[in-house]
Amino acid sequence: MEKKPKSTLRTKDQFIEALSTMKRNIYYDGEKIDRTDELQMHCINTIGLTYDEAAKPENADFMLARSHLTGNTINRFTHIHQNTEDLHKKQDMTRFLCCKVGGCIQRCMGIDAVNGIYNVSYEADKANNGETAYHENFKKWLTRFQNEDLIGCCAQTDVKGDRMLRPADQPDPDVYVRIKEKRSDGIIVSGCKLHISEASVADEILVVPTRALRKSDKDYAAAFAVPADHDGVKQVVTIHNFRPRKHFPRGFMPGLTDSYVIFEDCFVPWDRVFLCGEYQHGGILALLFALFHRHSYSGCKPAIGDVLLGTAALAAEVNNIQKAEHVREKFAEIILTTELGYAAGYTASDLGKPEVYIPGVGFVPYGPGSYIPNSIYCNVGRCLTGEAVYREQEILCDISGGISATFPHEKDFVNPETKDLLLKYTKRNPNMPVEDQAQFWRYLGDLLCSATGGILNVGGYHGGGSPVMEQIAITTQYDIESRKDIVRHLAGMSPREKKK
């Protein structure tokens with residue numbers, strides 16, 4: 001009789017309790033704050049949904065997985081993809097959860113980082129002929145990560161300083177996170193990672209390189225994990241909350257945070273180091289994390305497309321113009337972008353293999369056998385949907401008109417001197433309760449006219465890699481020469497000379 005797998009899931013309350021016990025190393029607006037500060041609770045509630053929904057039996061198929069390390073039942077956000085089905089389910093889980101919160105669920109940073117490091121640590125050990133134990137160290141760390149159902153963020157983006165200079169050529173060596181010293185018991189690192197989503201509410205920070213590296217850049221080839229409140233780590237956080245509601249609350253109030261994660265002569269023990277100076281692998285790890293993260297984007301951006309389509313359709317209904325031809329055309333535009341992005345991600349899942357694309361070589365076997373999504377389709381989906389962000393906001397603005405920018409404040413709708421007048425003069429569709437119309441305009445104002453709405457648009461455009469990065473990946477990895485050969489034949493030209 002097969003032994004029933006052990007469940008290792010934790011609850012949202014346990015997640016919050018763990019945050020409350022962590023050391024204070026977070027700075028916000030000039031003050032040091034607790035992780036469970038009221039300002040962070042919207043973000044905590046957003047991520048907390050990943051625990052609440054995983055506990056529901058009807059979500060078990062796509063939100064839970066069986067660990068290939070322990071056989072335990074784990075949250076899929078801590079899982080290593082073992083087949084194409086795992087990739088499909090990660091994409092669908094992401095779309096499902098992002099629809100629940102109306103935007104970014106944030107926890108994908110952890111799953112994308114662990115899948116990247118899992119493969120690269122294995123290849124680095126193999127290249128080092130067994131002289132390093134990066135992969136075994138990572139598997140031990142990962143077992144705890146899975147068993148305790150932890151939140152991991154990925155710190156990849158460096159400050160970068162002068163964008164025209166490579167890491168080792170910078171006047172200030174700390175503008176890329178670097179290995180400052182190697183000791184018998186670990187390494188000392190220094191530098192700063194920025195734009196790091198949910199670092200202020202994470203249990204663990206996973207650090208990976210941000211770019212391809214030369215031999216002279218070997219001190220910047222570092223991958224490791226530290227607790228988010230580790231000695232030598234400071235976070236300066238920006239907190240993205242919508243304007244608070246007192247009288248007319250939203251159905252769900254999301255929140256996000258981003259941190260500058262600063263390492264000040266931070267000690268990392270060897271059992272938490274997964275790459276240390278192997279510059280040849282630094283660039284591959286940077287690309288692999290980005291690849292997995294762009295695959296996650298093919299779940300979250302379609303979810304945001306679902307929300308935007310619903311928002312556009314409700315704006316048209318409130319304005320009573322839902323049957324207008326130009327409105328239908330705009331609906332179609334949102335649907336096309338949404339479902340093409342999802343289809344690209346689904347294809348990337350379906351074509352996933354334990355392979356990685358090496359420029360000039362093609363796809364080659366890589367890692368210990370876990371599945372990596374197809375690079376072309378990950379990048380196509382991310383680029384297509386990322387470039388559409390501001391066009392989609394234009395569509396919402398066009399259909400809704402100017403009311404979201406000038407809609408009166410909440411208290412004016414409870415003031416007896418103005419309440420009835422405002423309900424009278426904000427009513428548009430006679431077949432919809434005017435209170436619902438007012439609630440919709442408040443919601444749309446959050447998306448179109450708030451500071452947080454603007455930040456979300458920048459994140460939608462640049463998060464996971466700016467479109468130019470996907471364009472570079474697509475054009476350098478796509479087989480353009482074979483397409484030229486097709487046209488050479490059709491045009492009656494001489495065949496291309498094959499390289500010897």
# chains A, B, ... in the order shown; residues from 1 in each chain; ligands from 1
>>> residues_around(residues="range 63-67 of chain A", least_positions_apart="6", cutoff="9 Å", atoms="only C-alpha atoms", output="JSON, numbers by chain")
{"A": [5, 50, 53, 54, 55, 73, 74, 75, 76, 77, 78, 79, 80, 86, 89, 90, 93, 143, 146]}
>>> write_last_selection(atoms="N, CA and C atoms", output="tab-separated table (two decimals), in the first residue's frame")
chain	number	residue	atom	x	y	z
A	5	PRO	N	1.04	10.79	1.00
A	5	PRO	CA	1.99	11.89	1.15
A	5	PRO	C	1.60	12.84	2.27
A	50	THR	N	-2.84	33.12	-1.58
A	50	THR	CA	-2.23	31.90	-2.11
A	50	THR	C	-2.29	30.76	-1.10
A	53	GLU	N	-6.51	29.92	-0.87
A	53	GLU	CA	-7.04	29.18	-2.02
A	53	GLU	C	-6.44	27.78	-2.12
A	54	ALA	N	-5.19	27.62	-1.68
A	54	ALA	CA	-4.57	26.29	-1.71
A	54	ALA	C	-5.25	25.33	-0.73
A	55	ALA	N	-5.90	25.89	0.28
A	55	ALA	CA	-6.56	25.05	1.29
A	55	ALA	C	-7.91	24.54	0.82
A	73	THR	N	2.98	16.56	-0.15
A	73	THR	CA	2.09	17.49	-0.85
A	73	THR	C	2.51	18.91	-0.50
A	74	ILE	N	2.78	19.71	-1.52
A	74	ILE	CA	3.30	21.06	-1.32
A	74	ILE	C	2.49	22.06	-2.12
A	75	ASN	N	2.63	23.33	-1.75
A	75	ASN	CA	2.05	24.41	-2.54
A	75	ASN	C	2.81	24.51	-3.86
A	76	ARG	N	2.08	24.64	-4.95
A	76	ARG	CA	2.74	24.67	-6.26
A	76	ARG	C	3.73	25.83	-6.39
A	77	PHE	N	3.57	26.87	-5.61
A	77	PHE	CA	4.52	27.98	-5.66
A	77	PHE	C	5.90	27.60	-5.14
A	78	THR	N	6.06	26.39	-4.60
A	78	THR	CA	7.39	25.94	-4.14
A	78	THR	C	7.89	24.75	-4.96
A	79	HIS	N	7.24	24.43	-6.05
A	79	HIS	CA	7.47	23.19	-6.80
A	79	HIS	C	8.49	23.36	-7.92
A	80	ILE	N	9.21	22.29	-8.23
A	80	ILE	CA	10.08	22.21	-9.40
A	80	ILE	C	9.31	21.49	-10.51
A	86	ASP	N	2.98	20.28	-15.34
A	86	ASP	CA	3.32	21.22	-14.26
A	86	ASP	C	3.40	22.65	-14.78
A	89	LYS	N	-0.13	23.90	-15.38
A	89	LYS	CA	-0.86	24.18	-14.14
A	89	LYS	C	-0.34	25.43	-13.45
A	90	LYS	N	0.97	25.68	-13.55
A	90	LYS	CA	1.49	26.92	-12.99
A	90	LYS	C	0.88	28.13	-13.68
A	93	MET	N	-2.82	28.36	-12.58
A	93	MET	CA	-2.89	28.81	-11.19
A	93	MET	C	-2.67	30.32	-11.10
A	143	THR	N	14.17	21.84	0.16
A	143	THR	CA	13.33	20.94	0.97
A	143	THR	C	12.69	21.71	2.12
A	146	GLN	N	10.00	24.08	0.74
A	146	GLN	CA	8.76	23.38	0.44
A	146	GLN	C	8.03	22.94	1.70
>>> residues_around(residues="range 174-184 of chain A", least_positions_apart="2", cutoff="7 Å", atoms="only C-alpha atoms", output="number ranges by chain")
A: 158-161, 167, 172, 186-192, 219-220, 222
>>> closest_atom_pairs(of="range 38-84 of chain A", to="range 369-381 of chain A", cutoff="8 Å", atoms="only C-alpha atoms", output="tab-separated table")
residue	atom	partner	partner_atom	distance
A:Ile80	CA	A:Ser370	CA	6.8
A:His81	CA	A:Tyr371	CA	5.4
A:Gln82	CA	A:Ser370	CA	4.9
A:Asn83	CA	A:Tyr371	CA	5.6
A:Thr84	CA	A:Tyr371	CA	6.8
>>> write_last_selection(atoms="N, CA and C atoms", output="JSON list (two decimals), in the first residue's frame")
[["chain", "number", "residue", "atom", "x", "y", "z"],
["A", 80, "ILE", "N", 9.21, 22.29, -8.23],
["A", 80, "ILE", "CA", 10.08, 22.21, -9.40],
["A", 80, "ILE", "C", 9.31, 21.49, -10.51],
["A", 81, "HIS", "N", 9.18, 22.13, -11.67],
["A", 81, "HIS", "CA", 8.37, 21.57, -12.75],
["A", 81, "HIS", "C", 8.97, 20.25, -13.26],
["A", 82, "GLN", "N", 8.17, 19.19, -13.19],
["A", 82, "GLN", "CA", 8.64, 17.86, -13.58],
["A", 82, "GLN", "C", 8.20, 17.44, -14.98],
["A", 83, "ASN", "N", 7.26, 18.17, -15.56],
["A", 83, "ASN", "CA", 6.71, 17.80, -16.87],
["A", 83, "ASN", "C", 5.95, 18.99, -17.44],
["A", 84, "THR", "N", 5.43, 18.80, -18.65],
["A", 84, "THR", "CA", 4.69, 19.90, -19.29],
["A", 84, "THR", "C", 3.41, 20.22, -18.52]]
>>> atom_distance(atom1="CA of Asn115 in chain A", atom2="CA of Thr385 in chain A")
23.3 Å
>>> residues_around(residues="Asp271 in chain A", least_positions_apart="2", cutoff="6 Å", atoms="only C-alpha atoms", output="list in words")
Asn137, Pro269 and Val273 of chain A
>>> atom_distance(atom1="CA of Phe331 in chain A", atom2="CA of Leu314 in chain A")
11.1 Å
>>> select_by_dssp(residues="range 18-80 of chain A", states="strand (DSSP E)", output="list in words")
Ile26, Tyr27, Tyr28, Glu31, Lys32, Ile33, Leu64, Ala65, Arg66, Thr73, Ile74 and Asn75 of chain A
>>> closest_residue(among="A:Ala113, A:Val487, A:Ile284, A:Lys139", to="Tyr357 in chain A", atoms="only C-alpha atoms")
A:Ile284
>>> residues_around(residues="range 491-496 of chain A", least_positions_apart="6", cutoff="12 Å", atoms="only C-alpha atoms", output="list of chain:residue names")
A:Glu481, A:Ser482, A:Arg483, A:Lys484, A:Asp485
>>> write_last_selection(atoms="C-alpha atoms", output="PDB file, in the first residue's frame")
ATOM      1  CA  GLU A 481      18.001  31.887 -41.880  1.00  0.00           C
ATOM      2  CA  SER A 482      15.673  28.944 -42.556  1.00  0.00           C
ATOM      3  CA  ARG A 483      12.900  31.418 -43.385  1.00  0.00           C
ATOM      4  CA  LYS A 484      15.215  33.090 -45.870  1.00  0.00           C
ATOM      5  CA  ASP A 485      15.838  29.655 -47.387  1.00  0.00           C
TER       6      ASP A 485
END
>>> closest_residue(among="A:Ala315, A:Ala348, A:Leu287, A:Val120", to="Ile403 in chain A", atoms="only C-alpha atoms")
A:Ala315
>>> residues_around(residues="Thr257 in chain A", least_positions_apart="2", cutoff="9 Å", atoms="only C-alpha atoms", output="PyMOL selection string")
chain A and resi 40+43+195-201+237-241+255+259
>>> write_last_selection(atoms="N, CA and C atoms", output="PDB file, in the first residue's frame")
ATOM      1  N   GLN A  40       1.449  47.590   5.168  1.00  0.00           N
ATOM      2  CA  GLN A  40       1.819  46.396   4.400  1.00  0.00           C
ATOM      3  C   GLN A  40       0.710  45.346   4.349  1.00  0.00           C
ATOM      4  N   CYS A  43      -0.769  44.175   0.958  1.00  0.00           N
ATOM      5  CA  CYS A  43       0.152  43.266   0.255  1.00  0.00           C
ATOM      6  C   CYS A  43       0.132  41.889   0.911  1.00  0.00           C
ATOM      7  N   HIS A 195      13.892  47.251  -7.182  1.00  0.00           N
ATOM      8  CA  HIS A 195      12.583  46.880  -7.727  1.00  0.00           C
ATOM      9  C   HIS A 195      12.173  45.480  -7.268  1.00  0.00           C
ATOM     10  N   ILE A 196      12.579  45.056  -6.076  1.00  0.00           N
ATOM     11  CA  ILE A 196      12.374  43.662  -5.688  1.00  0.00           C
ATOM     12  C   ILE A 196      10.988  43.502  -5.057  1.00  0.00           C
ATOM     13  N   SER A 197      10.081  42.944  -5.840  1.00  0.00           N
ATOM     14  CA  SER A 197       8.696  42.788  -5.407  1.00  0.00           C
ATOM     15  C   SER A 197       8.600  41.856  -4.215  1.00  0.00           C
ATOM     16  N   GLU A 198       7.743  42.207  -3.278  1.00  0.00           N
ATOM     17  CA  GLU A 198       7.349  41.493  -2.054  1.00  0.00           C
ATOM     18  C   GLU A 198       8.508  41.134  -1.140  1.00  0.00           C
ATOM     19  N   ALA A 199       9.697  41.724  -1.343  1.00  0.00           N
ATOM     20  CA  ALA A 199      10.827  41.425  -0.449  1.00  0.00           C
ATOM     21  C   ALA A 199      10.499  41.789   0.997  1.00  0.00           C
ATOM     22  N   SER A 200       9.686  42.813   1.191  1.00  0.00           N
ATOM     23  CA  SER A 200       9.384  43.267   2.555  1.00  0.00           C
ATOM     24  C   SER A 200       8.434  42.336   3.290  1.00  0.00           C
ATOM     25  N   VAL A 201       7.825  41.388   2.578  1.00  0.00           N
ATOM     26  CA  VAL A 201       6.914  40.430   3.226  1.00  0.00           C
ATOM     27  C   VAL A 201       7.335  38.993   2.914  1.00  0.00           C
ATOM     28  N   VAL A 237      11.712  50.305   1.316  1.00  0.00           N
ATOM     29  CA  VAL A 237      10.539  49.789   0.621  1.00  0.00           C
ATOM     30  C   VAL A 237       9.628  50.909   0.142  1.00  0.00           C
ATOM     31  N   THR A 238       9.035  50.704  -1.023  1.00  0.00           N
ATOM     32  CA  THR A 238       7.910  51.534  -1.471  1.00  0.00           C
ATOM     33  C   THR A 238       6.673  50.659  -1.403  1.00  0.00           C
ATOM     34  N   ILE A 239       5.590  51.217  -0.871  1.00  0.00           N
ATOM     35  CA  ILE A 239       4.352  50.479  -0.650  1.00  0.00           C
ATOM     36  C   ILE A 239       3.276  51.060  -1.559  1.00  0.00           C
ATOM     37  N   HIS A 240       2.640  50.196  -2.329  1.00  0.00           N
ATOM     38  CA  HIS A 240       1.674  50.646  -3.328  1.00  0.00           C
ATOM     39  C   HIS A 240       0.267  50.239  -2.900  1.00  0.00           C
ATOM     40  N   ASN A 241      -0.435  51.184  -2.286  1.00  0.00           N
ATOM     41  CA  ASN A 241      -1.820  50.968  -1.875  1.00  0.00           C
ATOM     42  C   ASN A 241      -2.731  51.963  -2.578  1.00  0.00           C
ATOM     43  N   GLY A 255      -2.628  45.000  -2.663  1.00  0.00           N
ATOM     44  CA  GLY A 255      -1.485  45.827  -2.305  1.00  0.00           C
ATOM     45  C   GLY A 255      -0.201  45.209  -2.809  1.00  0.00           C
ATOM     46  N   SER A 259      11.195  46.754  -3.014  1.00  0.00           N
ATOM     47  CA  SER A 259      12.295  47.156  -2.132  1.00  0.00           C
ATOM     48  C   SER A 259      13.594  47.377  -2.881  1.00  0.00           C
TER      49      SER A 259
END
>>> select_by_dssp(residues="range 125-257 of chain A", states="alpha helix (DSSP H)", output="list of chain:residue names")
A:Asp125, A:Lys126, A:Ala127, A:Tyr134, A:His135, A:Glu136, A:Asn137, A:Phe138, A:Lys139, A:Lys140, A:Trp141, A:Leu142, A:Thr143, A:Arg144, A:Phe145, A:Gln146, A:Asn147
>>> write_last_selection(atoms="C-alpha atoms", output="PDB file, in the first residue's frame")
ATOM      1  CA  ASP A 125      28.650  21.378 -10.173  1.00  0.00           C
ATOM      2  CA  LYS A 126      28.968  19.203 -13.274  1.00  0.00           C
ATOM      3  CA  ALA A 127      31.341  21.712 -14.890  1.00  0.00           C
ATOM      4  CA  TYR A 134      25.887  23.930  -5.027  1.00  0.00           C
ATOM      5  CA  HIS A 135      23.107  21.617  -6.167  1.00  0.00           C
ATOM      6  CA  GLU A 136      23.025  19.522  -3.010  1.00  0.00           C
ATOM      7  CA  ASN A 137      23.052  22.698  -0.926  1.00  0.00           C
ATOM      8  CA  PHE A 138      20.167  24.051  -2.954  1.00  0.00           C
ATOM      9  CA  LYS A 139      18.144  20.862  -2.650  1.00  0.00           C
ATOM     10  CA  LYS A 140      18.513  20.957   1.139  1.00  0.00           C
ATOM     11  CA  TRP A 141      17.439  24.600   1.163  1.00  0.00           C
ATOM     12  CA  LEU A 142      14.574  23.800  -1.210  1.00  0.00           C
ATOM     13  CA  THR A 143      13.332  20.944   0.968  1.00  0.00           C
ATOM     14  CA  ARG A 144      12.895  23.369   3.861  1.00  0.00           C
ATOM     15  CA  PHE A 145      11.345  25.951   1.532  1.00  0.00           C
ATOM     16  CA  GLN A 146       8.763  23.378   0.436  1.00  0.00           C
ATOM     17  CA  ASN A 147       8.120  21.790   3.820  1.00  0.00           C
TER      18      ASN A 147
END
>>> closest_residue(among="A:Gln14, A:Asn45, A:Gln235, A:Thr338", to="Ile26 in chain A", atoms="only C-alpha atoms")
A:Gln235
>>> atom_distance(atom1="CA of Arg488 in chain A", atom2="CA of Phe363 in chain A")
25.5 Å
>>> closest_residue(among="A:Val114, A:Val261, A:Val361, A:Ile474", to="Ala223 in chain A", atoms="only C-alpha atoms")
A:Val114
>>> residues_around(residues="Tyr279 in chain A", least_positions_apart="6", cutoff="9 Å", atoms="only C-alpha atoms", output="PyMOL selection string")
chain A and resi 212-222
>>> write_last_selection(atoms="C-alpha atoms", output="short mmCIF file (atom, residue, chain, number, x, y, z; two decimals), in the first residue's frame")
data_model
loop_
_atom_site.label_atom_id
_atom_site.label_comp_id
_atom_site.auth_asym_id
_atom_site.auth_seq_id
_atom_site.Cartn_x
_atom_site.Cartn_y
_atom_site.Cartn_z
CA ALA A 212 25.82 37.72 -18.97
CA LEU A 213 29.28 37.99 -17.42
CA ARG A 214 32.89 37.95 -18.60
CA LYS A 215 35.79 36.28 -16.80
CA SER A 216 36.73 39.68 -15.39
CA ASP A 217 33.20 39.89 -13.95
CA LYS A 218 33.49 36.62 -12.00
CA ASP A 219 33.03 38.33 -8.62
CA TYR A 220 29.52 39.23 -9.77
CA ALA A 221 28.57 35.61 -10.53
CA ALA A 222 26.78 35.05 -7.24
#
>>> closest_residue(among="A:Ile117, A:Leu256, A:Val458, A:Ala332", to="Phe289 in chain A", atoms="only C-alpha atoms")
A:Ile117
>>> decode(residues="range 368-386 of chain A", atoms="N, CA and C atoms", output="compact mmCIF listing (two decimals), in the first residue's frame")
# COMPACT_ATOMS: atom_id res chain seq x y z
N PRO A 368 19.05 18.74 -14.31
CA PRO A 368 18.87 17.36 -13.86
C PRO A 368 17.57 16.71 -14.34
N GLY A 369 16.87 17.35 -15.26
CA GLY A 369 15.68 16.72 -15.81
C GLY A 369 14.38 17.47 -15.58
N SER A 370 14.39 18.59 -14.87
CA SER A 370 13.17 19.37 -14.70
C SER A 370 12.85 20.11 -16.00
N TYR A 371 11.61 20.57 -16.11
CA TYR A 371 11.13 21.11 -17.39
C TYR A 371 11.24 22.63 -17.45
N ILE A 372 11.73 23.09 -18.60
CA ILE A 372 11.94 24.51 -18.87
C ILE A 372 11.02 24.90 -20.02
N PRO A 373 10.23 25.97 -19.89
CA PRO A 373 9.32 26.35 -20.98
C PRO A 373 10.08 26.82 -22.21
N ASN A 374 9.45 26.70 -23.37
CA ASN A 374 10.08 27.09 -24.63
C ASN A 374 10.35 28.59 -24.65
N SER A 375 11.57 28.96 -24.95
CA SER A 375 12.02 30.34 -24.85
C SER A 375 11.31 31.28 -25.84
N ILE A 376 11.18 30.85 -27.08
CA ILE A 376 10.57 31.72 -28.10
C ILE A 376 9.17 32.13 -27.68
N TYR A 377 8.36 31.15 -27.29
CA TYR A 377 6.96 31.45 -27.00
C TYR A 377 6.80 32.20 -25.68
N CYS A 378 7.68 31.96 -24.70
CA CYS A 378 7.65 32.78 -23.48
C CYS A 378 7.89 34.24 -23.82
N ASN A 379 8.87 34.49 -24.65
CA ASN A 379 9.23 35.86 -24.99
C ASN A 379 8.19 36.51 -25.91
N VAL A 380 7.63 35.74 -26.82
CA VAL A 380 6.59 36.28 -27.70
C VAL A 380 5.39 36.72 -26.88
N GLY A 381 4.93 35.86 -25.97
CA GLY A 381 3.77 36.19 -25.16
C GLY A 381 4.00 37.39 -24.27
N ARG A 382 5.18 37.44 -23.62
CA ARG A 382 5.49 38.57 -22.74
C ARG A 382 5.62 39.88 -23.51
N CYS A 383 6.27 39.84 -24.66
CA CYS A 383 6.46 41.06 -25.45
C CYS A 383 5.12 41.58 -25.97
N LEU A 384 4.32 40.70 -26.51
CA LEU A 384 3.02 41.09 -27.08
C LEU A 384 2.14 41.76 -26.03
N THR A 385 2.03 41.14 -24.86
CA THR A 385 1.13 41.67 -23.85
C THR A 385 1.74 42.88 -23.12
N GLY A 386 3.05 42.88 -22.94
CA GLY A 386 3.69 44.02 -22.29
C GLY A 386 3.56 45.30 -23.08
